[in-house]
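Undergrad: Quick one: the structure is below, questions incoming.
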Amino acid sequence: MQVYLDNAATTRIDPRVLARMKPYFLNHFGNASSIHKLGQDNDAAIKKCKIKIGQLLGVKPERLVFTASATEANNFIIKGVMRANRERGNHLIISAIEHPCVRQSAKELEDEGFKVDIAPVDSRGLIDLGKLKNLIGPQTVLVSIMTVNNEIGTIQDIAAISRLVHERGVLFHTDAVQAVPYLKINIEKDNIDFLSLSGHKFYGPLGVGLAVINPAVRIKPLIVGGGQEKGMRAGTYNVPGIIGFTEALTLAYQERTAYLKKVKELRDYLLAQIKKNIPDVNINGDLKKRTPNNLNLMFSRIEGEAILMDLSYQGVYVSTGSACSALNLKSSSVLAALGIADDNLNSNIRFSLGKYNTKKEIDYALKALQKTVSRLRSFSPIKN
Amino acid sequence: MALNYTKKTINHFLHPKNIGEVKNADAVIEIGNRVCGDQLSFSIKVEKGKIKDIKFLSFGCASNIATASVMTEKVKGMTLAQAKKFDWSTIVSDLGGLPNQKVHCSVMAVEGLKNVIAEYEKKQTENKKPKAAKKK
C-alpha cells in the first residue's frame, strides 16, 4: 500500500482538471499572443479564467498575473515592489516563518542595500502584532507575511495584519500558497495589495503560479521579453496550465465544505491514534489555528530523516524539517522560530493530508509509524 | 534534492548490524550531538589486542545508521593497530558511494571508532597505574 501524506509539497492533479486541460494541448494549442483565431481564442480563454479567478478570490481580473510558480510570484512581487519604489523607502519586513523563496528574495535585496527586518512569531507560530507594529517605520515599503505556513499549517490573522500595515501607509503582500481551499480568500475586502498562489497545491497542474498585484503600485518585472501580462511577466502564456489552475481553484472552492470536513476528521483521527499508541510525541505549532490537513509532530529521541526513510520503505510518504534531510544540512528555521529547543529540531515530521486519503490509508500509516518509531527508538543513544 | 542512497546503504539502514550496547564493555563513547542531527554511541570489548565485539546506538539519519553498521562489521576482529588505520573512504566505497552531503557520516563513524579505541587505551593505562603503585 502507498499512502501519500505529503500534500503540502504537491498534490495529485484532479482528473477533471486534467480533462479540461487536454484539449488545450491537442486542439487549442495556439499562442495566446498570436493574432490569428487559434491565438485569439486562447487569449479570450485566459481572460475568462481571470474573471473566474477574480470572482473566487474577490479581486479584479486586471490585478492577476500568471507566473510559472509561486516561487516566481513571490520573487516578482517582493523584489519588484522594493526595486521600483526606492523613493518610498528601503525597508522590507518579512516574518520569521516565510518560505525560502521569500527569505532568499529578502536576502538578495539586503545584498543590494535594502534593509530587511524579521517579524517574530510566538511559540504557537503566530505573528506578534505588537512586535510587527514596532518594526514598521517611515522607510518601510512592504510587509510580507504568509497566510498559512507550509510546515506547521498555522493561519495568520491576515485581515488584522493587513489593517495594521495599511494604517501605517505600508504595502502588504501575503504568500497564500497553502491557504487554498482551507481559507476563503477575499483580496479586496481584506485590502491585500499583493498575493501569491500555486496551482499544484490544490490539485491543479505544476508550473502555474499566480501573482496578484496592485495596479496603483509600481512593480519591476522579473522576466522581460514579449510584453505578455501587460509587460509584467514575459513568456508565452501557459494556456493549458492556466485553464487547469482555474478549474482546480473552482473545484477547490465548490467542494470546500465537504473536503474540509473529511480532511479534518482524518487528521484528528491520525493525531488521536498517534497520541494513544506512541509515547513522547509533541505537536509543533498551534493545533487550533492551523489548516485541517496539517500535522507537524516531534518524535523525541529519533531523527527525522531516518523516520521519513523508514516510512518511505513502508510506502508512507511524509516530510521532515531535519538538518539531515536538507542539502545545506540546516534544520528547519520555521521550527526554530517557534522557540523549539535545538536538541529537538531534528526530530520532526510533517503529515499533510489531502482529498484522496482514506481511513484505511490512515490506519495503514499508523501501523507503519508505530513500527518505525519503535524500531528507531530501540537503538537511540538518548535515554529519557 | 537528489538523495540517491545505494541499495546496500538502504539495506544497512533497514537492517543494521551490531546494534546495541556490548555487555561489560571495555570502553563506551559518544560522538556528535542531536543539534547537528547525528549522535552515535559506540561500545567495545577487546581481547588479546583485537576488537572482539563492537556495537553502536544511533540518533541519526539513514546514512548515519548505515555507515556505523558497515564500520562495525568491517572492524570486528581487527587488531587495535589495524582498526586505528581504518579509513572512512572504505565505508563509502563499500556502500557503493554516498550522496555528497552524507559523506561526513562515514567520517563520524570512523572518528567514533578512533575515540572508543582511545578511551579503551586510556582506561588500560589508568588501570595499570594503581597496580604499579600497589607493588611499590
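Here's how to read the names in the C-alpha cells: chain A, B, ... by the order shown, residue numbers from 1 in each chain, ligand numbers from 1 in the order shown.
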Write out as a ChimeraX atom specification which residues come within 9 Å of A:Tyr253 when counting only C-alpha atoms, dropping same-chain ones fewer than 6 positions away.

TA: /A:56,180-182,184

Undergrad: Residues of the last selection are to be written out with C-alpha atoms, as an mmCIF file, in the first residue's frame.

TA:
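Done, and the output landed in part.cif:
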data_model
loop_
_atom_site.group_PDB
_atom_site.id
_atom_site.type_symbol
_atom_site.label_atom_id
_atom_site.label_comp_id
_atom_site.auth_asym_id
_atom_site.auth_seq_id
_atom_site.Cartn_x
_atom_site.Cartn_y
_atom_site.Cartn_z
ATOM 1 C CA LEU A 56 -13.369 33.269 -6.458
ATOM 2 C CA VAL A 180 -6.469 27.103 -0.738
ATOM 3 C CA PRO A 181 -9.143 25.896 -0.126
ATOM 4 C CA TYR A 182 -8.761 25.950 3.649
ATOM 5 C CA LYS A 184 -11.815 31.854 1.942
#

Undergrad: Could you please tell me, as an MDAnalysis selection string, which residues of chain A have an atom within 7 Å of chain B when using only C-alpha atoms?

TA: chainID A and resid 301:303 305:306 309 323:324 327 342:343 345:346 379:381

Undergrad: Could you please determine the separation between atom CA of A:Leu18 and atom CA of A:Val316 in Å, to one decimal place?

TA: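 Rounded to one decimal, the two atoms are 25.3 Å apart.
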
Undergrad: So which residues touch A:His28 within 7 Å, counting only C-alpha atoms, skipping near sequence neighbours fewer than 4 positions away, as a list in words?

TA: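 Counting only the stated atoms, we get Pro23, Tyr24 and Leu38 of chain A.
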
Undergrad: Could you pull the residues within 8 Å of A:Asp157, counting only C-alpha atoms, minus those fewer than 3 positions along the same chain, as a PyMOL selection string?

TA: chain A and resi 147+160-161

Undergrad: Limited to N, CA and C atoms, could you put the picked residues into a file as a compact mmCIF listing (two decimals), in the first residue's frame?

TA:
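Result written to part25.txt:
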# COMPACT_ATOMS: atom_id res chain seq x y z
N THR A 147 0.08 33.60 4.61
CA THR A 147 -1.24 33.35 5.18
C THR A 147 -1.23 32.07 6.01
N ALA A 160 -6.31 41.35 10.07
CA ALA A 160 -5.79 42.24 11.11
C ALA A 160 -4.40 42.76 10.73
N ILE A 161 -3.57 41.87 10.17
CA ILE A 161 -2.22 42.29 9.78
C ILE A 161 -2.31 43.33 8.66

Undergrad: Taking the DSSP assignment computed from this structure's backbone, write out as a PyMOL selection string all residues of stretch 44-131 of chain B that belong to alpha helix (DSSP H).

TA: chain B and resi 62-75+80-84+88-94+103-131

Undergrad: Identify, on the basis of only C-alpha atoms, every residue whose closest approach to stretch 266-283 of chain A does not exceed 9 Å; exclude the query and any residue fewer than 6 positions from it along the same chain; express the result as a PyMOL selection string.

TA: chain A and resi 292-301+351-353+357-359+362-363+365-366+369-370+373-374

Undergrad: Enumerate as a list in words all residues of chain B assigned to strand (DSSP E) by DSSP on the backbone, naming them with the chain letters and numbers the document uses.

TA: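 Output for chain B, strand (DSSP E) only: Ala27, Val28, Ile29, Glu30, Ile31, Gly32, Asn33, Asp38, Gln39, Leu40, Ser41, Phe42, Ser43, Ile44, Lys45, Val46, Glu47, Lys50, Ile51, Lys52, Asp53, Ile54, Lys55, Phe56, Leu57, Ser58 and Phe59 of chain B.
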
Undergrad: Take the residues just selected and output them with C-alpha atoms as a PDB file, in the first residue's frame.

TA:
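So the final result, stored in selection_35.pdb, reads:
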ATOM      1  CA  ALA B  27      35.043   1.276  26.660  1.00  0.00           C
ATOM      2  CA  VAL B  28      32.000   3.357  25.724  1.00  0.00           C
ATOM      3  CA  ILE B  29      31.969   6.747  23.993  1.00  0.00           C
ATOM      4  CA  GLU B  30      29.503   9.182  22.484  1.00  0.00           C
ATOM      5  CA  ILE B  31      30.130  11.326  19.448  1.00  0.00           C
ATOM      6  CA  GLY B  32      28.132  14.053  17.697  1.00  0.00           C
ATOM      7  CA  ASN B  33      25.015  15.683  19.048  1.00  0.00           C
ATOM      8  CA  ASP B  38      23.629  12.922  14.346  1.00  0.00           C
ATOM      9  CA  GLN B  39      24.730  11.341  17.564  1.00  0.00           C
ATOM     10  CA  LEU B  40      26.362   7.935  17.928  1.00  0.00           C
ATOM     11  CA  SER B  41      27.396   5.821  20.859  1.00  0.00           C
ATOM     12  CA  PHE B  42      29.997   3.059  20.472  1.00  0.00           C
ATOM     13  CA  SER B  43      30.929   0.312  22.932  1.00  0.00           C
ATOM     14  CA  ILE B  44      33.738  -2.236  22.502  1.00  0.00           C
ATOM     15  CA  LYS B  45      35.099  -5.398  24.014  1.00  0.00           C
ATOM     16  CA  VAL B  46      38.790  -6.022  23.393  1.00  0.00           C
ATOM     17  CA  GLU B  47      40.517  -9.372  23.762  1.00  0.00           C
ATOM     18  CA  LYS B  50      41.711  -7.452  18.977  1.00  0.00           C
ATOM     19  CA  ILE B  51      38.229  -5.962  18.739  1.00  0.00           C
ATOM     20  CA  LYS B  52      36.173  -8.887  19.954  1.00  0.00           C
ATOM     21  CA  ASP B  53      32.895  -7.020  19.811  1.00  0.00           C
ATOM     22  CA  ILE B  54      31.696  -3.563  18.851  1.00  0.00           C
ATOM     23  CA  LYS B  55      28.158  -2.204  18.927  1.00  0.00           C
ATOM     24  CA  PHE B  56      26.526   1.142  18.326  1.00  0.00           C
ATOM     25  CA  LEU B  57      23.456   3.214  19.068  1.00  0.00           C
ATOM     26  CA  SER B  58      22.317   5.988  16.742  1.00  0.00           C
ATOM     27  CA  PHE B  59      20.300   9.164  16.730  1.00  0.00           C
TER      28      PHE B  59
END

Undergrad: Skipping near chain neighbours, those fewer than 2 positions away, what residues fall within 12 Å of A:Lys288 using only C-alpha atoms, listed as a ChimeraX atom specification?

TA: /A:124-126,152-156,264,268,283-286,290-295

Undergrad: List as a PDB file with N, CA and C atoms, in the first residue's frame the protein and nucleic acid residues near B:Ser69, meaning an atom at most 7 Å away when only C-alpha atoms are counted, but skip any in the same chain fewer than 5 places from it.

TA:
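result-v6.pdb, written as the output of this step:
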ATOM      1  N   HIS B  12      21.565  -1.588   4.977  1.00  0.00           N
ATOM      2  CA  HIS B  12      22.190  -1.400   6.296  1.00  0.00           C
ATOM      3  C   HIS B  12      21.333  -0.513   7.187  1.00  0.00           C
ATOM      4  N   PRO B  16      20.323  -2.823  10.306  1.00  0.00           N
ATOM      5  CA  PRO B  16      21.689  -2.519  10.762  1.00  0.00           C
ATOM      6  C   PRO B  16      22.301  -3.671  11.559  1.00  0.00           C
ATOM      7  N   LYS B  17      23.610  -3.817  11.364  1.00  0.00           N
ATOM      8  CA  LYS B  17      24.352  -4.848  12.105  1.00  0.00           C
ATOM      9  C   LYS B  17      24.939  -4.216  13.376  1.00  0.00           C
ATOM     10  N   ASN B  18      25.142  -5.067  14.367  1.00  0.00           N
ATOM     11  CA  ASN B  18      25.832  -4.651  15.597  1.00  0.00           C
ATOM     12  C   ASN B  18      25.159  -3.487  16.320  1.00  0.00           C
TER      13      ASN B  18
END

Undergrad: When you draw a straight line from atom CA of A:Lys201 to atom CA of A:Glu62, how long is it in Å?

TA: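 According to the coordinates, atom CA of A:Lys201 and atom CA of A:Glu62 are separated by 23.4 Å.
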
Undergrad: One number please: atom CA of A:Asn150 to atom CA of A:Glu265, in Å, one decimal.

TA: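 That distance, rounded to one decimal, is 20.2 Å.
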